[in-house]
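Coordinates as given in protein24.cif (mmCIF, C-alpha atoms and all ligand atoms):
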```
data_structure
#
loop_
_atom_site.group_PDB
_atom_site.id
_atom_site.type_symbol
_atom_site.label_atom_id
_atom_site.label_comp_id
_atom_site.auth_asym_id
_atom_site.auth_seq_id
_atom_site.Cartn_x
_atom_site.Cartn_y
_atom_site.Cartn_z
ATOM 1 C CA MET A 1 -38.190 14.638 67.561
ATOM 2 C CA LYS A 2 -39.940 17.446 65.687
ATOM 3 C CA GLN A 3 -41.913 16.040 62.815
ATOM 4 C CA ASN A 4 -43.136 18.300 60.031
ATOM 5 C CA GLY A 5 -46.478 17.677 58.491
ATOM 6 C CA VAL A 6 -47.487 18.752 55.050
ATOM 7 C CA ILE A 7 -49.935 21.240 53.539
ATOM 8 C CA LEU A 8 -51.987 19.824 50.696
ATOM 9 C CA TRP A 9 -53.456 22.863 49.011
ATOM 10 C CA LEU A 10 -56.365 22.037 46.702
ATOM 11 C CA THR A 11 -57.217 24.880 44.351
ATOM 12 C CA GLY A 12 -59.732 24.974 41.520
ATOM 13 C CA LEU A 13 -63.082 26.230 40.321
ATOM 14 C CA SER A 14 -66.276 25.794 42.298
ATOM 15 C CA GLY A 15 -67.582 22.317 41.551
ATOM 16 C CA ALA A 16 -64.228 21.037 40.306
ATOM 17 C CA GLY A 17 -64.169 18.430 43.085
ATOM 18 C CA LYS A 18 -61.957 19.919 45.798
ATOM 19 C CA THR A 19 -64.201 19.076 48.754
ATOM 20 C CA THR A 20 -65.030 15.619 47.440
ATOM 21 C CA ILE A 21 -61.371 14.682 46.959
ATOM 22 C CA ALA A 22 -60.336 16.389 50.215
ATOM 23 C CA GLN A 23 -62.880 14.425 52.260
ATOM 24 C CA GLN A 24 -61.888 11.077 50.751
ATOM 25 C CA LEU A 25 -58.247 11.846 51.303
ATOM 26 C CA GLU A 26 -58.933 12.909 54.886
ATOM 27 C CA ASN A 27 -60.867 9.710 55.639
ATOM 28 C CA HIS A 28 -58.202 7.517 54.133
ATOM 29 C CA LEU A 29 -55.297 9.176 55.934
ATOM 30 C CA ARG A 30 -57.132 9.195 59.258
ATOM 31 C CA GLU A 31 -57.905 5.496 58.922
ATOM 32 C CA GLN A 32 -54.183 4.923 58.406
ATOM 33 C CA GLY A 33 -53.502 6.614 61.732
ATOM 34 C CA TYR A 34 -52.261 10.003 60.553
ATOM 35 C CA LEU A 35 -53.053 13.278 62.237
ATOM 36 C CA VAL A 36 -55.035 15.114 59.610
ATOM 37 C CA GLU A 37 -57.107 18.285 59.527
ATOM 38 C CA LEU A 38 -59.337 19.504 56.735
ATOM 39 C CA LEU A 39 -59.676 23.251 56.225
ATOM 40 C CA ASP A 40 -62.563 23.549 53.820
ATOM 41 C CA GLY A 41 -63.408 26.822 52.126
ATOM 42 C CA ASP A 42 -67.122 26.814 52.941
ATOM 43 C CA ALA A 43 -66.603 26.050 56.639
ATOM 44 C CA ILE A 44 -63.787 28.607 56.859
ATOM 45 C CA ARG A 45 -66.039 31.331 55.485
ATOM 46 C CA GLN A 46 -68.669 30.499 58.100
ATOM 47 C CA ASN A 47 -66.158 30.716 60.942
ATOM 48 C CA LEU A 48 -62.633 32.050 60.632
ATOM 49 C CA SER A 49 -63.467 34.337 57.720
ATOM 50 C CA GLN A 50 -67.066 35.192 58.488
ATOM 51 C CA GLY A 51 -67.926 38.592 57.017
ATOM 52 C CA LEU A 52 -65.278 38.602 54.311
ATOM 53 C CA SER A 53 -66.518 39.380 50.818
ATOM 54 C CA PHE A 54 -65.399 38.047 47.454
ATOM 55 C CA THR A 55 -63.323 41.013 46.335
ATOM 56 C CA LYS A 56 -59.725 40.237 45.411
ATOM 57 C CA GLU A 57 -58.587 41.849 48.650
ATOM 58 C CA ASP A 58 -60.874 39.740 50.845
ATOM 59 C CA ARG A 59 -60.194 36.540 48.913
ATOM 60 C CA ASP A 60 -56.481 37.099 49.488
ATOM 61 C CA ILE A 61 -57.062 37.744 53.207
ATOM 62 C CA ASN A 62 -59.053 34.515 53.371
ATOM 63 C CA VAL A 63 -56.270 32.543 51.725
ATOM 64 C CA ARG A 64 -53.637 34.059 54.025
ATOM 65 C CA ARG A 65 -55.679 33.177 57.108
ATOM 66 C CA VAL A 66 -56.054 29.592 56.013
ATOM 67 C CA GLY A 67 -52.352 29.505 55.189
ATOM 68 C CA TYR A 68 -51.525 30.786 58.656
ATOM 69 C CA VAL A 69 -53.578 28.106 60.388
ATOM 70 C CA ALA A 70 -52.300 25.441 58.008
ATOM 71 C CA ASN A 71 -48.756 26.405 58.918
ATOM 72 C CA LEU A 72 -49.445 26.197 62.667
ATOM 73 C CA LEU A 73 -50.870 22.734 62.259
ATOM 74 C CA SER A 74 -48.367 21.337 59.798
ATOM 75 C CA ARG A 75 -45.350 22.415 61.831
ATOM 76 C CA ASN A 76 -46.750 20.194 64.564
ATOM 77 C CA GLY A 77 -46.840 17.151 62.360
ATOM 78 C CA VAL A 78 -50.392 17.409 61.055
ATOM 79 C CA ILE A 79 -51.288 16.647 57.463
ATOM 80 C CA VAL A 80 -53.369 19.673 56.505
ATOM 81 C CA ILE A 81 -55.747 19.494 53.586
ATOM 82 C CA ALA A 82 -56.844 22.975 52.534
ATOM 83 C CA SER A 83 -59.649 23.010 50.032
ATOM 84 C CA LEU A 84 -60.585 26.421 48.716
ATOM 85 C CA ILE A 85 -60.919 28.087 45.317
ATOM 86 C CA SER A 86 -57.961 30.404 46.066
ATOM 87 C CA PRO A 87 -58.144 31.948 42.589
ATOM 88 C CA TYR A 88 -55.114 34.239 42.717
ATOM 89 C CA ARG A 89 -51.712 32.863 41.814
ATOM 90 C CA ALA A 90 -49.616 35.432 43.653
ATOM 91 C CA VAL A 91 -51.018 34.734 47.111
ATOM 92 C CA ARG A 92 -50.796 30.962 46.558
ATOM 93 C CA ASP A 93 -47.171 31.396 45.555
ATOM 94 C CA GLN A 94 -46.524 33.536 48.650
ATOM 95 C CA LEU A 95 -47.805 30.697 50.803
ATOM 96 C CA ARG A 96 -45.720 28.172 48.932
ATOM 97 C CA HIS A 97 -42.635 30.187 49.837
ATOM 98 C CA SER A 98 -43.546 31.116 53.398
ATOM 99 C CA THR A 99 -44.558 27.637 54.575
ATOM 100 C CA LYS A 100 -42.809 24.289 54.690
ATOM 101 C CA ASN A 101 -43.921 21.288 52.671
ATOM 102 C CA PHE A 102 -46.552 23.137 50.647
ATOM 103 C CA VAL A 103 -47.985 20.943 47.916
ATOM 104 C CA GLU A 104 -50.117 22.686 45.321
ATOM 105 C CA ILE A 105 -52.794 20.414 43.902
ATOM 106 C CA TYR A 106 -54.759 21.712 40.963
ATOM 107 C CA VAL A 107 -58.241 20.200 40.925
ATOM 108 C CA ASN A 108 -58.892 20.795 37.281
ATOM 109 C CA ALA A 109 -62.183 20.516 35.440
ATOM 110 C CA PRO A 110 -63.364 22.692 32.555
ATOM 111 C CA ILE A 111 -65.832 25.339 33.583
ATOM 112 C CA GLU A 112 -68.517 23.731 31.385
ATOM 113 C CA VAL A 113 -68.214 20.541 33.428
ATOM 114 C CA CYS A 114 -68.335 22.434 36.746
ATOM 115 C CA GLU A 115 -71.336 24.377 35.534
ATOM 116 C CA ALA A 116 -73.136 21.234 34.392
ATOM 117 C CA ARG A 117 -72.527 19.675 37.832
ATOM 118 C CA ASP A 118 -73.648 22.865 39.573
ATOM 119 C CA VAL A 119 -73.542 21.077 42.926
ATOM 120 C CA LYS A 120 -74.782 24.048 44.932
ATOM 121 C CA GLY A 121 -76.820 25.811 42.241
ATOM 122 C CA LEU A 122 -74.354 28.698 42.311
ATOM 123 C CA TYR A 123 -73.544 28.766 38.590
ATOM 124 C CA ALA A 124 -77.224 29.220 37.757
ATOM 125 C CA LYS A 125 -77.368 32.126 40.201
ATOM 126 C CA ALA A 126 -74.189 33.636 38.771
ATOM 127 C CA ARG A 127 -75.542 33.351 35.216
ATOM 128 C CA ASN A 128 -78.781 35.106 36.040
ATOM 129 C CA GLY A 129 -77.006 37.814 38.019
ATOM 130 C CA GLN A 130 -78.154 36.825 41.509
ATOM 131 C CA ILE A 131 -74.509 36.339 42.495
ATOM 132 C CA LYS A 132 -71.815 38.714 41.347
ATOM 133 C CA TYR A 133 -68.052 38.187 41.177
ATOM 134 C CA PHE A 134 -68.368 34.435 40.744
ATOM 135 C CA THR A 135 -65.072 32.741 39.930
ATOM 136 C CA GLY A 136 -64.908 31.612 36.319
ATOM 137 C CA ILE A 137 -67.988 33.619 35.298
ATOM 138 C CA ASP A 138 -67.312 37.264 36.132
ATOM 139 C CA ASP A 139 -64.263 36.909 38.351
ATOM 140 C CA PRO A 140 -60.874 35.475 37.414
ATOM 141 C CA TYR A 141 -59.353 32.110 38.158
ATOM 142 C CA GLU A 142 -55.600 32.054 37.690
ATOM 143 C CA GLU A 143 -54.532 28.493 36.984
ATOM 144 C CA PRO A 144 -51.463 27.177 38.770
ATOM 145 C CA LEU A 145 -48.492 27.274 36.386
ATOM 146 C CA ASN A 146 -46.493 24.578 38.059
ATOM 147 C CA PRO A 147 -48.615 22.538 40.458
ATOM 148 C CA GLN A 148 -47.028 19.450 41.957
ATOM 149 C CA ILE A 149 -50.157 17.456 41.189
ATOM 150 C CA THR A 150 -53.080 17.979 38.814
ATOM 151 C CA CYS A 151 -56.302 16.006 39.183
ATOM 152 C CA TYR A 152 -58.346 16.042 35.983
ATOM 153 C CA THR A 153 -61.726 15.373 37.516
ATOM 154 C CA ASP A 154 -63.550 15.299 34.191
ATOM 155 C CA LYS A 155 -61.385 12.345 33.138
ATOM 156 C CA GLU A 156 -60.441 10.598 36.370
ATOM 157 C CA THR A 157 -62.676 8.993 38.967
ATOM 158 C CA ILE A 158 -62.609 10.366 42.501
ATOM 159 C CA ASP A 159 -60.641 7.294 43.623
ATOM 160 C CA GLU A 160 -58.086 7.775 40.865
ATOM 161 C CA SER A 161 -57.485 11.356 41.947
ATOM 162 C CA VAL A 162 -57.108 10.361 45.602
ATOM 163 C CA VAL A 163 -54.710 7.528 44.751
ATOM 164 C CA LYS A 164 -52.710 9.860 42.513
ATOM 165 C CA ILE A 165 -52.210 12.255 45.455
ATOM 166 C CA LEU A 166 -51.275 9.429 47.835
ATOM 167 C CA HIS A 167 -48.751 8.004 45.370
ATOM 168 C CA TRP A 168 -47.185 11.398 44.848
ATOM 169 C CA LEU A 169 -46.857 11.918 48.608
ATOM 170 C CA GLU A 170 -45.290 8.530 49.090
ATOM 171 C CA LYS A 171 -42.833 9.011 46.241
ATOM 172 C CA ALA A 172 -41.880 12.498 47.425
ATOM 173 C CA ASN A 173 -41.440 11.161 50.943
ATOM 174 C CA GLN A 174 -43.907 13.742 52.185
ATOM 175 C CA LEU A 175 -46.000 11.623 54.509
ATOM 176 C CA PRO A 176 -44.977 12.142 58.128
ATOM 177 C CA LYS A 177 -43.645 8.993 59.764
ATOM 178 C CA LEU A 178 -46.198 7.267 61.902
ATOM 179 C CA ALA A 179 -44.262 7.261 65.140
ATOM 180 C CA ALA A 180 -45.408 5.553 68.290
ATOM 181 C CA ILE A 181 -45.636 8.083 71.102
ATOM 182 C CA PRO A 182 -43.074 7.137 73.757
ATOM 183 C CA ILE A 183 -44.586 6.849 77.210
ATOM 184 C CA PRO A 184 -42.269 8.460 79.777
ATOM 185 C CA SER A 185 -41.250 6.466 82.792
ATOM 186 C CA ARG A 186 -42.568 7.533 86.227
ATOM 187 C CA ASN A 187 -39.408 9.265 87.371
ATOM 188 C CA GLU A 188 -39.403 11.485 84.233
ATOM 189 C CA PHE A 189 -42.503 13.084 85.752
ATOM 190 C CA GLN A 190 -40.785 14.164 88.974
ATOM 191 C CA VAL A 191 -41.991 17.613 89.987
ATOM 192 C CA MET A 192 -39.288 20.073 90.996
HETATM 193 P P1 LIG A 201 -65.673 21.980 44.989
HETATM 194 O O1 LIG A 201 -65.314 21.656 46.404
HETATM 195 O O2 LIG A 201 -64.470 22.048 44.086
HETATM 196 O O3 LIG A 201 -66.566 23.167 44.847
HETATM 197 P P2 LIG A 201 -67.326 19.646 45.193
HETATM 198 O O4 LIG A 201 -66.389 18.575 45.654
HETATM 199 O O5 LIG A 201 -68.208 20.299 46.200
HETATM 200 O O6 LIG A 201 -66.477 20.751 44.403
HETATM 201 O O7 LIG A 201 -68.247 19.070 44.031
HETATM 202 C C1 LIG A 201 -67.740 18.311 42.966
HETATM 203 C C2 LIG A 201 -68.846 17.428 42.406
HETATM 204 O O8 LIG A 201 -68.324 16.727 41.278
HETATM 205 C C3 LIG A 201 -69.343 16.394 43.391
HETATM 206 O O9 LIG A 201 -70.747 16.264 43.258
HETATM 207 C C4 LIG A 201 -68.628 15.121 42.930
HETATM 208 O O10 LIG A 201 -69.359 13.958 43.264
HETATM 209 C C5 LIG A 201 -68.571 15.316 41.422
HETATM 210 N N1 LIG A 201 -67.485 14.605 40.749
HETATM 211 C C6 LIG A 201 -67.639 13.855 39.661
HETATM 212 N N2 LIG A 201 -66.476 13.303 39.273
HETATM 213 C C7 LIG A 201 -65.548 13.730 40.155
HETATM 214 C C8 LIG A 201 -64.155 13.479 40.293
HETATM 215 N N3 LIG A 201 -63.487 12.708 39.441
HETATM 216 N N4 LIG A 201 -63.497 14.094 41.307
HETATM 217 C C9 LIG A 201 -64.172 14.893 42.184
HETATM 218 N N5 LIG A 201 -65.491 15.156 42.108
HETATM 219 C C10 LIG A 201 -66.188 14.565 41.090
#
```
Let me see the file written as structure tokens.
Amino acid sequence: MKQNGVILWLTGLSGAGKTTIAQQLENHLREQGYLVELLDGDAIRQNLSQGLSFTKEDRDINVRRVGYVANLLSRNGVIVIASLISPYRAVRDQLRHSTKNFVEIYVNAPIEVCEARDVKGLYAKARNGQIKYFTGIDDPYEEPLNPQITCYTDKETIDESVVKILHWLEKANQLPKLAAIPIPSRNEFQVM
């Protein structure tokens, strides 16, 4: 039986908590026995999208590439967690329509909170001009208008956000069934 997976698309500002939530979610689901793959923005830019810039055009290409891979995986039953800023609404909406089981998760924290966290020191660099076109500072972030789930990471703990996502998935019946893999009998392997 063909089992669809699901694409959990985490969007939000740098430092909002996408990677942190994505990793916890990945660990939890894997421990439960699910097939799960994390497509994280930073790793994607070092591999699949190496050389792309941060113009709108290149950001959209990046998002489409991740969407393409996410689709390949999810149609084979994998739970895909994509964690990338993906600041433009239109390309996120395109993916929502061109893939199956796309769940938009808005990892939402005010920019002041993200900047105070400044996990990678990038906000400081953006403020003093060392980095240009930084999302939320001198490049746009278009908030999702109708995300299925919003995690308010300035108000919720990491665990609360993860549990919120898991509950939503369970309620929406979006977790693939954990099916035992049938082992074929010997004569099903007969070579013609
Ligand atoms: P992003 O992937 O969105 O750039 P990161 O996950 O790399 O963000 O960084 C978010 C930072 O915020 C981490 O240091 C994390 O520990 C911290 N943080 C504090 N509270 C939360 C929360 N409720 N959810 C997620 N991250 C949180």
- prompt: What do you get, as a ChimeraX atom specification, if you spell out every residue that the PyMOL selection byres (((chain A and resi 65) around 12) and not hetatm) selects here?
  reply: /A:39,41,44-45,47-50,52,58-64,66-72,82,84,86,91-92,95
- prompt: Hey, which of A:Gly129, A:Ser14, A:Val80, A:Leu166 ends up closest to Asp42 (chain A)? Count only C-alpha atoms.
  reply: A:Ser14
field: Residue members of the PyMOL selection byres (((chain A and resi 161) around 12) and not hetatm) in the file shown, as number ranges by chain
entry: A: 10, 16-18, 20-22, 24-25, 105-108, 149-160, 162-168
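Here atom C8 of ligand LIG 201 (chain A) is placed at a distance of 27.6 Å from CA of Lys56 (chain A).
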message: Given all atoms listed in the file as the basis, pick out the residue of A:Thr19, A:Thr135, A:Gln94, A:Thr99 nearest to ligand LIG 201 (chain A).
response: A:Thr19
